[in-house]
>>> print(open('start_23.pdb').read())   # PDB, N, CA and C atoms, pLDDT in the B column
ATOM      1  N   MET X   1       0.848  -1.182   0.000  1.00 83.00           N
ATOM      2  CA  MET X   1       0.000   0.000   0.000  1.00 83.00           C
ATOM      3  C   MET X   1       0.891   1.242   0.000  1.00 83.00           C
ATOM      4  N   PRO X   2       0.565   2.213  -0.839  1.00 91.00           N
ATOM      5  CA  PRO X   2       1.401   3.412  -0.896  1.00 91.00           C
ATOM      6  C   PRO X   2       1.264   4.269   0.366  1.00 91.00           C
ATOM      7  N   VAL X   3       2.258   5.075   0.579  1.00 92.00           N
ATOM      8  CA  VAL X   3       2.278   5.963   1.735  1.00 92.00           C
ATOM      9  C   VAL X   3       1.914   7.389   1.327  1.00 92.00           C
ATOM     10  N   ILE X   4       2.295   7.782   0.127  1.00 95.00           N
ATOM     11  CA  ILE X   4       2.063   9.135  -0.364  1.00 95.00           C
ATOM     12  C   ILE X   4       0.574   9.324  -0.660  1.00 95.00           C
ATOM     13  N   GLU X   5       0.032  10.462  -0.228  1.00 95.00           N
ATOM     14  CA  GLU X   5      -1.409  10.717  -0.333  1.00 95.00           C
ATOM     15  C   GLU X   5      -1.908  10.643  -1.777  1.00 95.00           C
ATOM     16  N   SER X   6      -1.181  11.235  -2.708  1.00 96.00           N
ATOM     17  CA  SER X   6      -1.625  11.220  -4.103  1.00 96.00           C
ATOM     18  C   SER X   6      -1.617   9.794  -4.663  1.00 96.00           C
ATOM     19  N   SER X   7      -0.691   8.975  -4.211  1.00 96.00           N
ATOM     20  CA  SER X   7      -0.650   7.573  -4.642  1.00 96.00           C
ATOM     21  C   SER X   7      -1.835   6.799  -4.083  1.00 96.00           C
ATOM     22  N   ILE X   8      -2.193   7.103  -2.861  1.00 96.00           N
ATOM     23  CA  ILE X   8      -3.362   6.461  -2.243  1.00 96.00           C
ATOM     24  C   ILE X   8      -4.622   6.819  -3.027  1.00 96.00           C
ATOM     25  N   GLN X   9      -4.753   8.091  -3.384  1.00 97.00           N
ATOM     26  CA  GLN X   9      -5.903   8.530  -4.180  1.00 97.00           C
ATOM     27  C   GLN X   9      -5.913   7.852  -5.538  1.00 97.00           C
ATOM     28  N   ARG X  10      -4.751   7.702  -6.143  1.00 97.00           N
ATOM     29  CA  ARG X  10      -4.649   7.067  -7.460  1.00 97.00           C
ATOM     30  C   ARG X  10      -5.100   5.610  -7.388  1.00 97.00           C
ATOM     31  N   VAL X  11      -4.729   4.921  -6.310  1.00 96.00           N
ATOM     32  CA  VAL X  11      -5.149   3.529  -6.132  1.00 96.00           C
ATOM     33  C   VAL X  11      -6.670   3.444  -6.062  1.00 96.00           C
ATOM     34  N   ARG X  12      -7.281   4.353  -5.303  1.00 96.00           N
ATOM     35  CA  ARG X  12      -8.747   4.377  -5.202  1.00 96.00           C
ATOM     36  C   ARG X  12      -9.386   4.643  -6.561  1.00 96.00           C
ATOM     37  N   THR X  13      -8.849   5.596  -7.292  1.00 97.00           N
ATOM     38  CA  THR X  13      -9.374   5.927  -8.614  1.00 97.00           C
ATOM     39  C   THR X  13      -9.261   4.739  -9.557  1.00 97.00           C
ATOM     40  N   ASN X  14      -8.124   4.064  -9.521  1.00 97.00           N
ATOM     41  CA  ASN X  14      -7.907   2.904 -10.386  1.00 97.00           C
ATOM     42  C   ASN X  14      -8.876   1.776 -10.058  1.00 97.00           C
ATOM     43  N   GLU X  15      -9.163   1.578  -8.776  1.00 97.00           N
ATOM     44  CA  GLU X  15     -10.100   0.528  -8.380  1.00 97.00           C
ATOM     45  C   GLU X  15     -11.503   0.828  -8.895  1.00 97.00           C
ATOM     46  N   LYS X  16     -11.918   2.094  -8.789  1.00 97.00           N
ATOM     47  CA  LYS X  16     -13.238   2.484  -9.294  1.00 97.00           C
ATOM     48  C   LYS X  16     -13.313   2.296 -10.808  1.00 97.00           C
ATOM     49  N   ALA X  17     -12.269   2.709 -11.503  1.00 97.00           N
ATOM     50  CA  ALA X  17     -12.249   2.592 -12.963  1.00 97.00           C
ATOM     51  C   ALA X  17     -12.280   1.131 -13.385  1.00 97.00           C
ATOM     52  N   GLN X  18     -11.535   0.298 -12.682  1.00 97.00           N
ATOM     53  CA  GLN X  18     -11.504  -1.131 -13.014  1.00 97.00           C
ATOM     54  C   GLN X  18     -12.871  -1.766 -12.808  1.00 97.00           C
ATOM     55  N   ALA X  19     -13.549  -1.385 -11.728  1.00 97.00           N
ATOM     56  CA  ALA X  19     -14.893  -1.914 -11.472  1.00 97.00           C
ATOM     57  C   ALA X  19     -15.856  -1.486 -12.579  1.00 97.00           C
ATOM     58  N   ARG X  20     -15.748  -0.237 -13.004  1.00 96.00           N
ATOM     59  CA  ARG X  20     -16.609   0.272 -14.074  1.00 96.00           C
ATOM     60  C   ARG X  20     -16.335  -0.466 -15.383  1.00 96.00           C
ATOM     61  N   ARG X  21     -15.057  -0.637 -15.714  1.00 96.00           N
ATOM     62  CA  ARG X  21     -14.703  -1.346 -16.946  1.00 96.00           C
ATOM     63  C   ARG X  21     -15.186  -2.791 -16.914  1.00 96.00           C
ATOM     64  N   ALA X  22     -15.042  -3.447 -15.770  1.00 97.00           N
ATOM     65  CA  ALA X  22     -15.471  -4.840 -15.644  1.00 97.00           C
ATOM     66  C   ALA X  22     -16.975  -4.954 -15.865  1.00 97.00           C
ATOM     67  N   SER X  23     -17.718  -4.025 -15.326  1.00 96.00           N
ATOM     68  CA  SER X  23     -19.164  -4.026 -15.481  1.00 96.00           C
ATOM     69  C   SER X  23     -19.563  -3.827 -16.941  1.00 96.00           C
ATOM     70  N   GLN X  24     -18.923  -2.885 -17.608  1.00 96.00           N
ATOM     71  CA  GLN X  24     -19.236  -2.598 -19.007  1.00 96.00           C
ATOM     72  C   GLN X  24     -18.845  -3.768 -19.910  1.00 96.00           C
ATOM     73  N   LEU X  25     -17.711  -4.386 -19.618  1.00 96.00           N
ATOM     74  CA  LEU X  25     -17.265  -5.525 -20.411  1.00 96.00           C
ATOM     75  C   LEU X  25     -18.211  -6.707 -20.223  1.00 96.00           C
ATOM     76  N   SER X  26     -18.675  -6.889 -19.007  1.00 97.00           N
ATOM     77  CA  SER X  26     -19.616  -7.962 -18.719  1.00 97.00           C
ATOM     78  C   SER X  26     -20.929  -7.753 -19.469  1.00 97.00           C
ATOM     79  N   ALA X  27     -21.408  -6.511 -19.512  1.00 96.00           N
ATOM     80  CA  ALA X  27     -22.654  -6.206 -20.220  1.00 96.00           C
ATOM     81  C   ALA X  27     -22.509  -6.504 -21.714  1.00 96.00           C
ATOM     82  N   TYR X  28     -21.369  -6.148 -22.273  1.00 97.00           N
ATOM     83  CA  TYR X  28     -21.098  -6.417 -23.693  1.00 97.00           C
ATOM     84  C   TYR X  28     -21.117  -7.920 -23.966  1.00 97.00           C
ATOM     85  N   ARG X  29     -20.414  -8.674 -23.131  1.00 97.00           N
ATOM     86  CA  ARG X  29     -20.350 -10.124 -23.327  1.00 97.00           C
ATOM     87  C   ARG X  29     -21.710 -10.778 -23.149  1.00 97.00           C
ATOM     88  N   THR X  30     -22.491 -10.282 -22.209  1.00 97.00           N
ATOM     89  CA  THR X  30     -23.826 -10.828 -21.960  1.00 97.00           C
ATOM     90  C   THR X  30     -24.710 -10.680 -23.181  1.00 97.00           C
ATOM     91  N   GLN X  31     -24.681  -9.521 -23.821  1.00 97.00           N
ATOM     92  CA  GLN X  31     -25.513  -9.297 -25.004  1.00 97.00           C
ATOM     93  C   GLN X  31     -25.108 -10.226 -26.149  1.00 97.00           C
ATOM     94  N   VAL X  32     -23.810 -10.418 -26.312  1.00 97.00           N
ATOM     95  CA  VAL X  32     -23.337 -11.309 -27.377  1.00 97.00           C
ATOM     96  C   VAL X  32     -23.767 -12.755 -27.084  1.00 97.00           C
ATOM     97  N   LYS X  33     -23.673 -13.165 -25.824  1.00 97.00           N
ATOM     98  CA  LYS X  33     -24.084 -14.522 -25.453  1.00 97.00           C
ATOM     99  C   LYS X  33     -25.584 -14.728 -25.641  1.00 97.00           C
ATOM    100  N   LYS X  34     -26.374 -13.696 -25.337  1.00 96.00           N
ATOM    101  CA  LYS X  34     -27.826 -13.794 -25.541  1.00 96.00           C
ATOM    102  C   LYS X  34     -28.137 -14.003 -27.013  1.00 96.00           C
ATOM    103  N   PHE X  35     -27.437 -13.260 -27.874  1.00 97.00           N
ATOM    104  CA  PHE X  35     -27.645 -13.410 -29.314  1.00 97.00           C
ATOM    105  C   PHE X  35     -27.266 -14.822 -29.762  1.00 97.00           C
ATOM    106  N   ASP X  36     -26.098 -15.308 -29.321  1.00 96.00           N
ATOM    107  CA  ASP X  36     -25.651 -16.646 -29.700  1.00 96.00           C
ATOM    108  C   ASP X  36     -26.651 -17.714 -29.256  1.00 96.00           C
ATOM    109  N   ALA X  37     -27.157 -17.571 -28.041  1.00 96.00           N
ATOM    110  CA  ALA X  37     -28.124 -18.540 -27.525  1.00 96.00           C
ATOM    111  C   ALA X  37     -29.417 -18.504 -28.334  1.00 96.00           C
ATOM    112  N   ALA X  38     -29.845 -17.322 -28.734  1.00 96.00           N
ATOM    113  CA  ALA X  38     -31.070 -17.191 -29.516  1.00 96.00           C
ATOM    114  C   ALA X  38     -30.904 -17.812 -30.900  1.00 96.00           C
ATOM    115  N   VAL X  39     -29.717 -17.662 -31.494  1.00 95.00           N
ATOM    116  CA  VAL X  39     -29.467 -18.254 -32.814  1.00 95.00           C
ATOM    117  C   VAL X  39     -29.519 -19.775 -32.725  1.00 95.00           C
ATOM    118  N   VAL X  40     -28.895 -20.317 -31.691  1.00 94.00           N
ATOM    119  CA  VAL X  40     -28.885 -21.776 -31.517  1.00 94.00           C
ATOM    120  C   VAL X  40     -30.297 -22.298 -31.268  1.00 94.00           C
ATOM    121  N   ALA X  41     -31.072 -21.550 -30.476  1.00 93.00           N
ATOM    122  CA  ALA X  41     -32.428 -21.977 -30.146  1.00 93.00           C
ATOM    123  C   ALA X  41     -33.417 -21.710 -31.279  1.00 93.00           C
ATOM    124  N   GLY X  42     -33.028 -20.867 -32.229  1.00 89.00           N
ATOM    125  CA  GLY X  42     -33.927 -20.533 -33.327  1.00 89.00           C
ATOM    126  C   GLY X  42     -35.055 -19.606 -32.897  1.00 89.00           C
ATOM    127  N   ALA X  43     -34.753 -18.675 -32.024  1.00 88.00           N
ATOM    128  CA  ALA X  43     -35.759 -17.757 -31.495  1.00 88.00           C
ATOM    129  C   ALA X  43     -36.259 -16.798 -32.577  1.00 88.00           C
ATOM    130  N   ASP X  44     -37.411 -16.193 -32.297  1.00 91.00           N
ATOM    131  CA  ASP X  44     -38.023 -15.274 -33.255  1.00 91.00           C
ATOM    132  C   ASP X  44     -37.391 -13.886 -33.231  1.00 91.00           C
ATOM    133  N   ASN X  45     -36.842 -13.486 -32.092  1.00 93.00           N
ATOM    134  CA  ASN X  45     -36.334 -12.119 -31.936  1.00 93.00           C
ATOM    135  C   ASN X  45     -34.836 -12.016 -32.198  1.00 93.00           C
ATOM    136  N   VAL X  46     -34.316 -12.836 -33.096  1.00 95.00           N
ATOM    137  CA  VAL X  46     -32.878 -12.851 -33.373  1.00 95.00           C
ATOM    138  C   VAL X  46     -32.425 -11.523 -33.975  1.00 95.00           C
ATOM    139  N   GLN X  47     -33.241 -10.954 -34.853  1.00 95.00           N
ATOM    140  CA  GLN X  47     -32.865  -9.682 -35.488  1.00 95.00           C
ATOM    141  C   GLN X  47     -32.742  -8.569 -34.444  1.00 95.00           C
ATOM    142  N   GLU X  48     -33.685  -8.530 -33.520  1.00 96.00           N
ATOM    143  CA  GLU X  48     -33.651  -7.524 -32.452  1.00 96.00           C
ATOM    144  C   GLU X  48     -32.420  -7.711 -31.558  1.00 96.00           C
ATOM    145  N   LEU X  49     -32.112  -8.950 -31.211  1.00 96.00           N
ATOM    146  CA  LEU X  49     -30.939  -9.236 -30.384  1.00 96.00           C
ATOM    147  C   LEU X  49     -29.643  -8.913 -31.123  1.00 96.00           C
ATOM    148  N   PHE X  50     -29.653  -9.079 -32.446  1.00 97.00           N
ATOM    149  CA  PHE X  50     -28.479  -8.718 -33.247  1.00 97.00           C
ATOM    150  C   PHE X  50     -28.207  -7.224 -33.151  1.00 97.00           C
ATOM    151  N   VAL X  51     -29.252  -6.426 -33.262  1.00 97.00           N
ATOM    152  CA  VAL X  51     -29.099  -4.970 -33.169  1.00 97.00           C
ATOM    153  C   VAL X  51     -28.568  -4.582 -31.792  1.00 97.00           C
ATOM    154  N   ILE X  52     -29.101  -5.192 -30.750  1.00 97.00           N
ATOM    155  CA  ILE X  52     -28.662  -4.890 -29.386  1.00 97.00           C
ATOM    156  C   ILE X  52     -27.201  -5.305 -29.189  1.00 97.00           C
ATOM    157  N   ALA X  53     -26.840  -6.477 -29.702  1.00 97.00           N
ATOM    158  CA  ALA X  53     -25.468  -6.967 -29.539  1.00 97.00           C
ATOM    159  C   ALA X  53     -24.469  -6.095 -30.300  1.00 97.00           C
ATOM    160  N   THR X  54     -24.799  -5.705 -31.523  1.00 97.00           N
ATOM    161  CA  THR X  54     -23.879  -4.851 -32.278  1.00 97.00           C
ATOM    162  C   THR X  54     -23.746  -3.479 -31.623  1.00 97.00           C
ATOM    163  N   SER X  55     -24.827  -2.999 -31.046  1.00 97.00           N
ATOM    164  CA  SER X  55     -24.769  -1.732 -30.315  1.00 97.00           C
ATOM    165  C   SER X  55     -23.849  -1.858 -29.102  1.00 97.00           C
ATOM    166  N   ALA X  56     -23.938  -2.980 -28.401  1.00 97.00           N
ATOM    167  CA  ALA X  56     -23.077  -3.210 -27.234  1.00 97.00           C
ATOM    168  C   ALA X  56     -21.611  -3.303 -27.659  1.00 97.00           C
ATOM    169  N   ILE X  57     -21.364  -3.930 -28.798  1.00 97.00           N
ATOM    170  CA  ILE X  57     -19.992  -4.036 -29.309  1.00 97.00           C
ATOM    171  C   ILE X  57     -19.452  -2.654 -29.658  1.00 97.00           C
ATOM    172  N   ASP X  58     -20.265  -1.857 -30.342  1.00 97.00           N
ATOM    173  CA  ASP X  58     -19.846  -0.496 -30.700  1.00 97.00           C
ATOM    174  C   ASP X  58     -19.559   0.336 -29.455  1.00 97.00           C
ATOM    175  N   ARG X  59     -20.405   0.190 -28.449  1.00 96.00           N
ATOM    176  CA  ARG X  59     -20.219   0.946 -27.216  1.00 96.00           C
ATOM    177  C   ARG X  59     -18.918   0.545 -26.528  1.00 96.00           C
ATOM    178  N   ALA X  60     -18.636  -0.746 -26.498  1.00 96.00           N
ATOM    179  CA  ALA X  60     -17.401  -1.228 -25.870  1.00 96.00           C
ATOM    180  C   ALA X  60     -16.175  -0.704 -26.615  1.00 96.00           C
ATOM    181  N   ALA X  61     -16.255  -0.654 -27.937  1.00 97.00           N
ATOM    182  CA  ALA X  61     -15.130  -0.145 -28.726  1.00 97.00           C
ATOM    183  C   ALA X  61     -14.953   1.350 -28.506  1.00 97.00           C
ATOM    184  N   ARG X  62     -16.053   2.065 -28.442  1.00 96.00           N
ATOM    185  CA  ARG X  62     -15.996   3.510 -28.237  1.00 96.00           C
ATOM    186  C   ARG X  62     -15.398   3.863 -26.880  1.00 96.00           C
ATOM    187  N   LYS X  63     -15.678   3.046 -25.884  1.00 94.00           N
ATOM    188  CA  LYS X  63     -15.164   3.302 -24.533  1.00 94.00           C
ATOM    189  C   LYS X  63     -13.748   2.766 -24.341  1.00 94.00           C
ATOM    190  N   GLY X  64     -13.212   2.088 -25.349  1.00 95.00           N
ATOM    191  CA  GLY X  64     -11.854   1.593 -25.260  1.00 95.00           C
ATOM    192  C   GLY X  64     -11.719   0.263 -24.543  1.00 95.00           C
ATOM    193  N   LEU X  65     -12.823  -0.449 -24.357  1.00 95.00           N
ATOM    194  CA  LEU X  65     -12.764  -1.750 -23.701  1.00 95.00           C
ATOM    195  C   LEU X  65     -12.206  -2.811 -24.642  1.00 95.00           C
ATOM    196  N   ILE X  66     -12.527  -2.666 -25.923  1.00 96.00           N
ATOM    197  CA  ILE X  66     -11.988  -3.557 -26.942  1.00 96.00           C
ATOM    198  C   ILE X  66     -11.475  -2.690 -28.088  1.00 96.00           C
ATOM    199  N   LYS X  67     -10.574  -3.249 -28.877  1.00 97.00           N
ATOM    200  CA  LYS X  67     -10.043  -2.499 -30.017  1.00 97.00           C
ATOM    201  C   LYS X  67     -11.062  -2.502 -31.146  1.00 97.00           C
ATOM    202  N   LYS X  68     -10.940  -1.510 -32.042  1.00 96.00           N
ATOM    203  CA  LYS X  68     -11.959  -1.386 -33.081  1.00 96.00           C
ATOM    204  C   LYS X  68     -11.894  -2.526 -34.087  1.00 96.00           C
ATOM    205  N   ASN X  69     -10.717  -3.124 -34.299  1.00 98.00           N
ATOM    206  CA  ASN X  69     -10.651  -4.278 -35.192  1.00 98.00           C
ATOM    207  C   ASN X  69     -11.377  -5.482 -34.590  1.00 98.00           C
ATOM    208  N   LYS X  70     -11.269  -5.645 -33.289  1.00 97.00           N
ATOM    209  CA  LYS X  70     -11.990  -6.728 -32.617  1.00 97.00           C
ATOM    210  C   LYS X  70     -13.491  -6.486 -32.708  1.00 97.00           C
ATOM    211  N   ALA X  71     -13.899  -5.231 -32.568  1.00 97.00           N
ATOM    212  CA  ALA X  71     -15.318  -4.897 -32.689  1.00 97.00           C
ATOM    213  C   ALA X  71     -15.823  -5.241 -34.090  1.00 97.00           C
ATOM    214  N   ALA X  72     -15.058  -4.877 -35.098  1.00 98.00           N
ATOM    215  CA  ALA X  72     -15.453  -5.168 -36.475  1.00 98.00           C
ATOM    216  C   ALA X  72     -15.513  -6.679 -36.716  1.00 98.00           C
ATOM    217  N   ARG X  73     -14.535  -7.389 -36.185  1.00 98.00           N
ATOM    218  CA  ARG X  73     -14.496  -8.846 -36.345  1.00 98.00           C
ATOM    219  C   ARG X  73     -15.690  -9.499 -35.655  1.00 98.00           C
ATOM    220  N   ASP X  74     -15.997  -9.055 -34.443  1.00 97.00           N
ATOM    221  CA  ASP X  74     -17.126  -9.620 -33.700  1.00 97.00           C
ATOM    222  C   ASP X  74     -18.448  -9.349 -34.414  1.00 97.00           C
ATOM    223  N   LYS X  75     -18.618  -8.123 -34.907  1.00 97.00           N
ATOM    224  CA  LYS X  75     -19.859  -7.791 -35.607  1.00 97.00           C
ATOM    225  C   LYS X  75     -19.985  -8.601 -36.893  1.00 97.00           C
ATOM    226  N   SER X  76     -18.881  -8.802 -37.569  1.00 97.00           N
ATOM    227  CA  SER X  76     -18.901  -9.603 -38.787  1.00 97.00           C
ATOM    228  C   SER X  76     -19.310 -11.040 -38.501  1.00 97.00           C
ATOM    229  N   ARG X  77     -18.790 -11.583 -37.422  1.00 97.00           N
ATOM    230  CA  ARG X  77     -19.140 -12.963 -37.049  1.00 97.00           C
ATOM    231  C   ARG X  77     -20.611 -13.077 -36.658  1.00 97.00           C
ATOM    232  N   LEU X  78     -21.121 -12.079 -35.942  1.00 96.00           N
ATOM    233  CA  LEU X  78     -22.535 -12.094 -35.571  1.00 96.00           C
ATOM    234  C   LEU X  78     -23.406 -12.006 -36.814  1.00 96.00           C
ATOM    235  N   ALA X  79     -23.029 -11.155 -37.768  1.00 97.00           N
ATOM    236  CA  ALA X  79     -23.810 -11.018 -38.999  1.00 97.00           C
ATOM    237  C   ALA X  79     -23.807 -12.324 -39.788  1.00 97.00           C
ATOM    238  N   ALA X  80     -22.662 -13.005 -39.800  1.00 96.00           N
ATOM    239  CA  ALA X  80     -22.584 -14.283 -40.507  1.00 96.00           C
ATOM    240  C   ALA X  80     -23.503 -15.312 -39.855  1.00 96.00           C
ATOM    241  N   LYS X  81     -23.552 -15.316 -38.541  1.00 95.00           N
ATOM    242  CA  LYS X  81     -24.455 -16.239 -37.832  1.00 95.00           C
ATOM    243  C   LYS X  81     -25.911 -15.894 -38.127  1.00 95.00           C
ATOM    244  N   LEU X  82     -26.206 -14.600 -38.187  1.00 94.00           N
ATOM    245  CA  LEU X  82     -27.571 -14.153 -38.447  1.00 94.00           C
ATOM    246  C   LEU X  82     -28.015 -14.570 -39.830  1.00 94.00           C
ATOM    247  N   ASN X  83     -27.133 -14.446 -40.821  1.00 93.00           N
ATOM    248  CA  ASN X  83     -27.492 -14.739 -42.207  1.00 93.00           C
ATOM    249  C   ASN X  83     -27.443 -16.223 -42.552  1.00 93.00           C
ATOM    250  N   LYS X  84     -26.929 -17.028 -41.657  1.00 84.00           N
ATOM    251  CA  LYS X  84     -26.774 -18.463 -41.916  1.00 84.00           C
ATOM    252  C   LYS X  84     -28.108 -19.164 -41.911  1.00 84.00           C
TER     253      LYS X  84
END
>>> encode(input="start_23.pdb", output="structure tokens")
Amino acid sequence: MPVIESSIQRVRTNEKAQARRASQLSAYRTQVKKFDAAVVAGADNVQELFVIATSAIDRAARKGLIKKNKAARDKSRLAAKLNK
């Protein structure tokens, strides 16, 4: 544990940021998993879940949680599953 006050504050800030990032990353992954499960099950609302999942991917890329090439790759894979 740091002794310097500014270092202590930085540790607290980093912990808050990490918790926020973990939450946002989890939300992104959850939406993608919901879409995948719906495709496998043959659900009726697959198109709606696709829109939600791609939006979650875009949001994660915009916030810097994932790189934009990964976002493009993930969206491409989801679209391929949708069109299959």
>>> residues_around(input="start_23.pdb", residues="segment 38-54 of chain X", least_positions_apart="2", cutoff="8 Å", atoms="all atoms listed in the file", output="JSON, numbers by chain")
{"X": [28, 30, 31, 32, 33, 34, 35, 36, 56, 57, 58, 59, 60, 74, 75, 78, 79, 81, 82]}
>>> closest_residue(input="start_23.pdb", among="X:Val11, X:Ala17, X:Leu65, X:Val3", to="Arg29 of chain X", atoms="only C-alpha atoms")
X:Leu65
>>> closest_residue(input="start_23.pdb", among="X:Ile66, X:Ile8, X:Met1, X:Ala37", to="Leu25 of chain X", atoms="all atoms listed in the file")
X:Ile66
>>> atom_distance(input="start_23.pdb", atom1="atom CA of Pro2 of chain X", atom2="atom CA of Ala22 of chain X")
23.9 Å
>>> atom_distance(input="start_23.pdb", atom1="atom CA of Arg62 of chain X", atom2="atom CA of Glu15 of chain X")
20.9 Å
